[in-house]
$ cat protein_9.cif   # mmCIF, C-alpha atoms
data_final
#
loop_
_atom_site.label_atom_id
_atom_site.label_comp_id
_atom_site.auth_asym_id
_atom_site.auth_seq_id
_atom_site.Cartn_x
_atom_site.Cartn_y
_atom_site.Cartn_z
CA MET K 1 104.67 99.84 103.44
CA SER K 2 103.94 100.88 99.88
CA GLY K 3 100.96 103.14 100.36
CA ARG K 4 99.64 103.12 96.80
CA GLN K 5 100.71 99.70 95.57
CA VAL K 6 99.09 97.62 98.32
CA LYS K 7 95.94 98.75 100.15
CA LEU K 8 94.95 97.02 103.38
CA GLU K 9 92.22 97.63 105.94
CA GLN K 10 93.81 97.81 109.37
CA ALA K 11 92.52 97.19 112.88
CA GLU K 12 90.21 99.82 114.33
CA LYS K 13 91.51 101.74 117.32
CA GLY K 14 90.34 100.21 120.56
CA SER K 15 89.49 96.85 118.96
CA ILE K 16 90.64 93.41 120.10
CA LEU K 17 92.69 91.01 117.98
CA TYR K 18 92.43 87.35 118.91
CA HIS K 19 95.24 84.82 118.47
CA TYR K 20 94.09 81.19 118.33
CA THR K 21 96.76 78.73 119.36
CA LYS K 22 97.43 75.41 121.07
CA SER K 23 98.75 74.79 124.58
CA ASN K 24 102.42 74.85 123.52
CA GLY K 25 101.82 78.08 121.63
CA ILE K 26 100.17 79.88 124.53
CA ASN K 27 102.98 78.73 126.80
CA GLY K 28 105.57 80.36 124.51
CA ILE K 29 103.55 83.56 124.17
CA ILE K 30 102.73 84.11 127.86
CA ASN K 31 105.97 82.80 129.36
CA HIS K 32 108.45 83.95 126.72
CA ASN K 33 106.62 86.76 124.82
CA CYS K 34 107.36 84.85 121.63
CA PHE K 35 105.12 84.42 118.56
CA TRP K 36 105.81 82.07 115.66
CA ALA K 37 105.26 83.35 112.11
CA THR K 38 104.83 80.56 109.55
CA LYS K 39 106.41 80.59 106.09
CA SER K 40 103.68 81.84 103.76
CA ASP K 41 103.59 78.85 101.42
CA PHE K 42 103.11 76.48 104.38
CA LEU K 43 99.85 78.04 105.59
CA ASN K 44 96.88 75.78 106.27
CA ASP K 45 94.78 76.34 103.14
CA PRO K 46 96.62 74.80 100.12
CA THR K 47 94.51 76.79 97.63
CA GLU K 48 95.40 80.23 99.06
CA PHE K 49 98.15 81.01 96.58
CA SER K 50 96.46 79.63 93.49
CA TYR K 51 93.19 81.41 94.28
CA ILE K 52 94.54 84.85 93.40
CA TYR K 53 95.60 83.81 89.90
CA GLY K 54 91.97 83.39 88.84
CA ILE K 55 91.19 86.89 90.14
CA ILE K 56 94.18 88.40 88.33
CA ASP K 57 93.43 86.58 85.05
CA GLU K 58 89.83 87.83 85.08
CA VAL K 59 90.72 91.46 85.84
CA CYS K 60 93.56 91.55 83.29
CA GLY K 61 91.19 90.04 80.72
CA GLU K 62 88.78 92.95 81.29
CA HIS K 63 91.41 95.66 80.85
CA ILE K 64 94.03 94.21 78.49
CA LYS K 65 92.02 93.59 75.33
CA ASP K 66 94.89 92.06 73.35
CA THR K 67 94.91 88.43 74.56
CA ALA K 68 98.50 87.86 73.45
CA LEU K 69 99.67 90.90 75.43
CA LYS K 70 97.75 89.73 78.49
CA GLU K 71 99.24 86.23 78.36
CA MET K 72 102.74 87.66 77.87
CA PHE K 73 102.33 89.99 80.85
CA LEU K 74 101.01 87.26 83.15
CA LYS K 75 103.76 84.86 82.08
CA ASP K 76 106.48 87.44 82.70
CA SER K 77 105.03 88.68 86.02
CA ILE K 78 103.01 86.37 88.27
CA TYR K 79 104.18 83.09 86.68
CA ALA K 80 107.84 84.06 86.32
CA GLY K 81 110.78 83.60 88.63
CA ARG K 82 108.94 81.87 91.45
CA GLU K 83 112.19 80.42 92.72
CA LYS K 84 113.51 83.98 93.16
CA SER K 85 110.43 85.32 94.89
CA ARG K 86 110.84 87.06 98.21
CA GLU K 87 110.26 84.87 101.22
CA TYR K 88 107.51 85.95 103.61
CA PHE K 89 106.37 84.71 107.01
CA VAL K 90 102.86 85.20 108.35
CA LEU K 91 101.50 85.67 111.87
CA SER K 92 97.72 85.31 112.08
CA PHE K 93 95.12 86.84 114.39
CA SER K 94 91.34 87.14 114.06
CA LYS K 95 88.66 89.72 114.80
CA CYS K 96 86.33 86.89 115.86
CA ARG K 97 86.25 86.18 119.60
CA ASP K 98 84.71 82.70 119.55
CA SER K 99 84.76 80.98 116.15
CA ILE K 100 84.09 77.28 115.63
CA THR K 101 85.97 77.50 112.35
CA MET K 102 89.07 78.79 114.08
CA TRP K 103 88.73 76.31 116.94
CA SER K 104 88.63 73.39 114.53
CA GLU K 105 91.76 74.68 112.82
CA PHE K 106 93.79 75.31 115.96
CA GLY K 107 92.97 72.30 118.08
CA ASN K 108 89.65 71.94 119.87
CA LYS K 109 91.07 69.77 122.63
CA THR K 110 94.19 71.82 123.31
CA GLY K 111 93.08 75.20 122.01
CA TYR K 112 93.27 78.65 123.56
CA ASN K 113 92.47 82.10 122.27
CA ILE K 114 94.33 85.18 123.50
CA GLY K 115 92.59 88.53 123.07
CA PHE K 116 95.03 91.45 122.67
CA ARG K 117 94.30 95.18 122.63
CA SER K 118 94.99 95.88 118.96
CA ASP K 119 96.77 99.25 119.18
CA GLU K 120 99.17 97.96 121.81
CA ILE K 121 99.96 94.57 120.27
CA ILE K 122 100.59 96.14 116.85
CA ALA K 123 102.99 98.64 118.45
CA ARG K 124 104.77 95.86 120.35
CA ILE K 125 105.18 93.74 117.20
CA GLU K 126 106.47 96.77 115.26
CA GLU K 127 108.97 97.36 118.04
CA ALA K 128 110.19 93.73 117.84
CA ALA K 129 110.39 93.20 114.08
CA GLU K 130 109.97 95.05 110.81
CA ILE K 131 106.41 94.44 109.58
CA ALA K 132 106.23 94.39 105.79
CA TYR K 133 102.41 94.53 105.77
CA HIS K 134 99.55 94.02 108.19
CA GLY K 135 95.81 94.12 107.76
CA LEU K 136 92.55 92.25 107.37
CA VAL K 137 92.34 89.36 104.93
CA VAL K 138 90.04 90.23 102.00
CA TYR K 139 87.25 87.69 101.37
CA ASP K 140 84.94 89.71 99.13
CA GLY K 141 85.51 88.87 95.46
CA LYS K 142 84.40 92.30 94.24
CA LYS K 143 86.84 94.04 96.58
CA GLN K 144 89.64 91.69 95.51
CA LYS K 145 89.06 92.56 91.85
CA GLN K 146 88.87 96.25 92.73
CA LEU K 147 92.29 96.13 94.41
CA ILE K 148 93.91 94.38 91.43
CA ARG K 149 92.11 96.77 89.05
CA LYS K 150 93.49 99.80 90.91
CA ASN K 151 96.97 98.40 90.53
CA ILE K 152 96.86 97.84 86.78
CA CYS K 153 94.61 100.80 85.93
CA ASN K 154 96.03 103.42 88.31
CA TYR K 155 99.24 102.50 90.09
CA LEU K 156 101.25 101.15 87.13
CA PRO K 157 100.10 103.79 84.58
CA ASN K 158 100.83 106.58 87.11
CA LEU K 159 104.22 105.08 87.91
CA PHE K 160 105.30 105.01 84.25
CA ARG K 161 103.18 107.99 83.13
CA MET K 162 101.72 106.04 80.24
CA PRO K 163 98.81 103.60 79.71
CA LEU K 164 99.58 100.00 80.64
CA ASP K 165 98.92 98.90 77.05
CA GLU K 166 101.83 101.07 75.90
CA VAL K 167 104.12 99.52 78.53
CA LEU K 168 103.08 96.05 77.39
CA ASP K 169 103.57 96.97 73.74
CA MET K 170 107.16 97.94 74.60
CA GLY K 171 107.52 94.46 76.04
CA ARG K 172 106.11 92.88 72.89
CA ARG K 173 108.77 94.64 70.84
CA ASN K 174 111.53 93.80 73.33
CA ARG K 175 110.92 91.48 76.30
CA LYS K 176 114.08 92.87 77.94
CA ASP K 177 112.85 96.47 77.81
CA GLY K 178 113.61 98.10 81.18
CA THR K 179 110.21 99.74 81.63
CA TYR K 180 108.34 96.54 80.78
CA GLN K 181 110.50 94.43 83.09
CA LYS K 182 110.01 96.91 85.92
CA ALA K 183 106.23 96.76 85.41
CA CYS K 184 106.37 92.96 85.61
CA ARG K 185 108.42 93.06 88.81
CA LYS K 186 106.10 95.61 90.43
CA PHE K 187 103.01 93.61 89.52
CA GLN K 188 104.55 90.33 90.70
CA ARG K 189 105.39 91.94 94.05
CA THR K 190 101.79 93.11 94.41
CA ALA K 191 100.47 89.66 93.48
CA ASP K 192 102.78 87.98 96.00
CA VAL K 193 101.49 90.20 98.81
CA TYR K 194 97.80 90.00 97.88
CA ALA K 195 98.15 86.20 97.54
CA MET K 196 98.71 86.15 101.31
CA LEU K 197 95.71 88.43 101.92
CA PHE K 198 93.04 87.18 99.48
CA LYS K 199 90.95 84.18 100.49
CA HIS K 200 87.82 82.55 99.14
CA GLY K 201 84.59 83.97 100.56
CA GLY K 202 83.82 80.60 102.15
CA PHE K 203 86.45 81.39 104.80
CA ALA K 204 84.99 84.80 105.68
CA GLU K 205 83.87 83.67 109.15
CA GLU K 206 87.55 83.51 110.18
CA GLN K 207 87.83 87.35 110.02
CA GLU K 208 91.58 86.85 109.83
CA TYR K 209 94.10 89.62 110.44
CA ARG K 210 97.63 88.97 109.22
CA PHE K 211 101.08 90.35 109.96
CA ILE K 212 103.55 89.70 107.15
CA PHE K 213 107.31 89.72 107.65
CA LYS K 214 109.89 89.65 104.87
CA LYS K 215 112.83 87.30 105.36
CA GLN K 216 116.06 89.28 105.69
CA LYS K 217 119.60 87.99 105.19
CA ASP K 218 120.10 87.63 108.95
CA THR K 219 116.64 86.16 109.70
CA LYS K 220 116.97 82.85 111.53
CA VAL K 221 114.52 80.21 110.35
CA TYR K 222 113.41 77.42 112.69
CA PHE K 223 111.57 74.17 111.98
CA ARG K 224 109.00 72.15 113.89
CA ALA K 225 107.32 68.87 113.07
CA LYS K 226 103.67 69.01 111.99
CA ASP K 227 101.61 66.17 110.49
CA GLY K 228 104.73 64.37 109.28
CA PHE K 229 106.54 67.31 107.67
CA MET K 230 108.87 70.05 108.81
CA LEU K 231 107.17 73.43 109.13
CA PRO K 232 109.44 76.52 108.74
CA TYR K 233 108.82 79.51 110.98
CA ILE K 234 110.54 82.53 112.47
CA GLU K 235 110.35 83.83 116.01
CA ILE K 236 108.85 87.26 116.73
CA LEU K 237 110.30 87.92 120.18
CA LEU K 238 108.64 90.84 121.96
CA SER K 239 110.19 92.82 124.80
CA GLU K 240 110.03 91.36 128.29
CA LYS K 241 107.25 93.51 129.75
CA ASN K 242 103.81 91.90 129.93
CA LEU K 243 101.76 91.73 126.75
CA PRO K 244 98.50 93.72 126.33
CA VAL K 245 96.27 90.70 127.07
CA GLU K 246 92.58 91.51 127.53
CA GLU K 247 91.31 87.97 128.03
CA ILE K 248 92.02 84.31 127.35
CA MET K 249 89.37 81.88 126.13
CA ILE K 250 89.54 78.10 126.36
CA ALA K 251 88.44 75.92 123.42
CA PRO K 252 85.05 74.12 123.43
CA GLN K 253 86.52 70.65 123.96
CA ASN K 254 89.00 71.83 126.59
CA HIS K 255 86.48 72.52 129.36
CA ILE K 256 88.14 70.49 132.07
CA ASP K 257 88.56 72.33 135.37
CA LEU K 258 92.33 72.08 135.21
CA ALA K 259 92.49 73.97 131.88
CA LYS K 260 90.88 77.08 133.39
CA SER K 261 92.55 76.92 136.81
CA GLY K 262 95.96 76.16 135.29
CA MET K 263 95.70 79.13 132.94
CA GLU K 264 94.51 81.44 135.72
CA TYR K 265 97.44 80.41 137.89
CA MET K 266 99.94 80.87 135.05
CA LEU K 267 98.63 84.40 134.43
CA TYR K 268 98.75 85.15 138.17
CA THR K 269 102.41 84.06 138.46
CA LYS K 270 103.32 86.24 135.45
CA GLY K 271 101.53 89.30 136.86
CA TYR K 272 98.58 89.35 134.43
CA GLU K 273 95.06 90.33 135.48
CA ALA K 274 93.28 89.13 132.32
CA GLU K 275 90.05 87.17 132.61
CA VAL K 276 89.99 83.48 131.63
CA SER K 277 86.70 82.31 130.12
CA LEU K 278 85.27 79.24 128.41
CA SER K 279 84.08 79.16 124.82
CA ASN K 280 80.31 79.61 124.51
CA ILE K 281 80.14 77.15 121.61
CA LYS K 282 78.42 73.88 122.53
CA LEU K 283 79.67 70.82 120.67
CA ARG K 284 77.84 67.47 120.52
CA TYR K 285 80.94 65.39 119.78
#

$ encode --input "protein_9.cif" --output "structure tokens"
Amino acid sequence: MSGRQVKLEQAEKGSILYHYTKSNGINGIINHNCFWATKSDFLNDPTEFSYIYGIIDEVCGEHIKDTALKEMFLKDSIYAGREKSREYFVLSFSKCRDSITMWSEFGNKTGYNIGFRSDEIIARIEEAAEIAYHGLVVYDGKKQKQLIRKNICNYLPNLFRMPLDEVLDMGRRNRKDGTYQKACRKFQRTADVYAMLFKHGGFAEEQEYRFIFKKQKDTKVYFRAKDGFMLPYIEILLSEKNLPVEEIMIAPQNHIDLAKSGMEYMLYTKGYEAEVSLSNIKLRY
């Protein structure tokens, strides 16, 4: 992980990370130790990857006073070469134990929520696959701007040992200048990563925690049908020993006796001692 280029807040030691899923998902996780990471541009919120562009435009406008230079830089970095962008896959957890927002997204009637001990599940995922980045999604607009500001005001100038305006002026004189092109590539890479980790403040209740995996040459991509389209994903297959499950919660609309007893019996047969509980959220529909 690039320590200075991308800054993420990571799970506190001893905390619990919750994975909301449906019945087929929990079956794969408990019985096969397998998580599915979704291709980043197929995530649920269609505005996620356009949202960051407004943040970037505003911050660059504050610090690159020459409008023509700013537009050139944005065109050659975040808007350029999208077809050649690195491919990322995302596995989502949450810090929230019982969220109606998350339940509505992951299937009220067939939903489950697995609570994992954070230190142990992070270590197990790292053991199974190379994590490009992991950390809490950023919902606060001020913090989002601060992270972009640090990149253009500190990281890039320190990298090239000159003010960003000078780097951009080199690009104005010659768009193929090596230093300018490198600055564009570095900034695009940062934007691509933060695009997966910045969300509008209206989603803050999700308290989402994301693991991001970079597609390698030998990464096998699978597809499953969802809402009439094919959803690409990769498998994160953990080692065979039992997962660090603290508890499992059943969704608000899944309170039939068989849901709880069936889950308890499945855990028993797999050698788990985790508690199975029902969501505390009361729904009127």

$ residues_around --input "protein_9.cif" --residues "K:Thr219" --least-positions-apart "4" --cutoff "10 Å" --atoms "only C-alpha atoms" --output "list in words"
Lys214, Lys215, Ile234 and Glu235 of chain K

$ resolve_selection --input "protein_9.cif" --expression "the PyMOL selection byres ((chain K and resi 22) around 7)" --output "list in words"
Thr21, Ser23, Asn24, Gly25, Ile26, Phe106, Gly107, Thr110, Gly111 and Tyr112 of chain K

$ closest_residue --input "protein_9.cif" --among "K:Val90, K:Ile148, K:Met263, K:Ile125" --to "K:Ser239" --atoms "only C-alpha atoms"
K:Ile125

$ closest_atom_pairs --input "protein_9.cif" --of "stretch 76-130 of chain K" --to "stretch 195-209 of chain K" --cutoff "7 Å" --atoms "all atoms listed in the file" --output "Markdown table"
| residue | atom | partner | partner_atom | distance |
| --- | --- | --- | --- | --- |
| K:Ser92 | CA | K:Tyr209 | CA | 5.9 |
| K:Phe93 | CA | K:Tyr209 | CA | 4.9 |
| K:Ser94 | CA | K:Glu208 | CA | 4.2 |
| K:Lys95 | CA | K:Gln207 | CA | 5.4 |
| K:Cys96 | CA | K:Gln207 | CA | 6.0 |
| K:Thr101 | CA | K:Glu206 | CA | 6.6 |
| K:Met102 | CA | K:Glu206 | CA | 6.3 |

$ write_last_selection --input "protein_9.cif" --atoms "C-alpha atoms" --output "short mmCIF file (atom, residue, chain, number, x, y, z; two decimals), in the frame of the given file"
data_model
loop_
_atom_site.label_atom_id
_atom_site.label_comp_id
_atom_site.auth_asym_id
_atom_site.auth_seq_id
_atom_site.Cartn_x
_atom_site.Cartn_y
_atom_site.Cartn_z
CA SER K 92 97.72 85.31 112.08
CA PHE K 93 95.12 86.84 114.39
CA SER K 94 91.34 87.14 114.06
CA LYS K 95 88.66 89.72 114.80
CA CYS K 96 86.33 86.89 115.86
CA THR K 101 85.97 77.50 112.35
CA MET K 102 89.07 78.79 114.08
#

$ closest_residue --input "protein_9.cif" --among "K:His63, K:Arg161, K:Lys70, K:Lys226" --to "K:Arg149" --atoms "only C-alpha atoms"
K:His63

$ resolve_selection --input "protein_9.cif" --expression "the PyMOL selection byres ((chain K and resi 184) around 12)" --output "PyMOL selection string"
chain K and resi 70+72-81+151-152+156+164+167-168+171+175-183+185-191

$ atom_distance --input "protein_9.cif" --atom1 "atom CA of K:Gly135" --atom2 "atom CA of K:Leu159"
24.2 Å
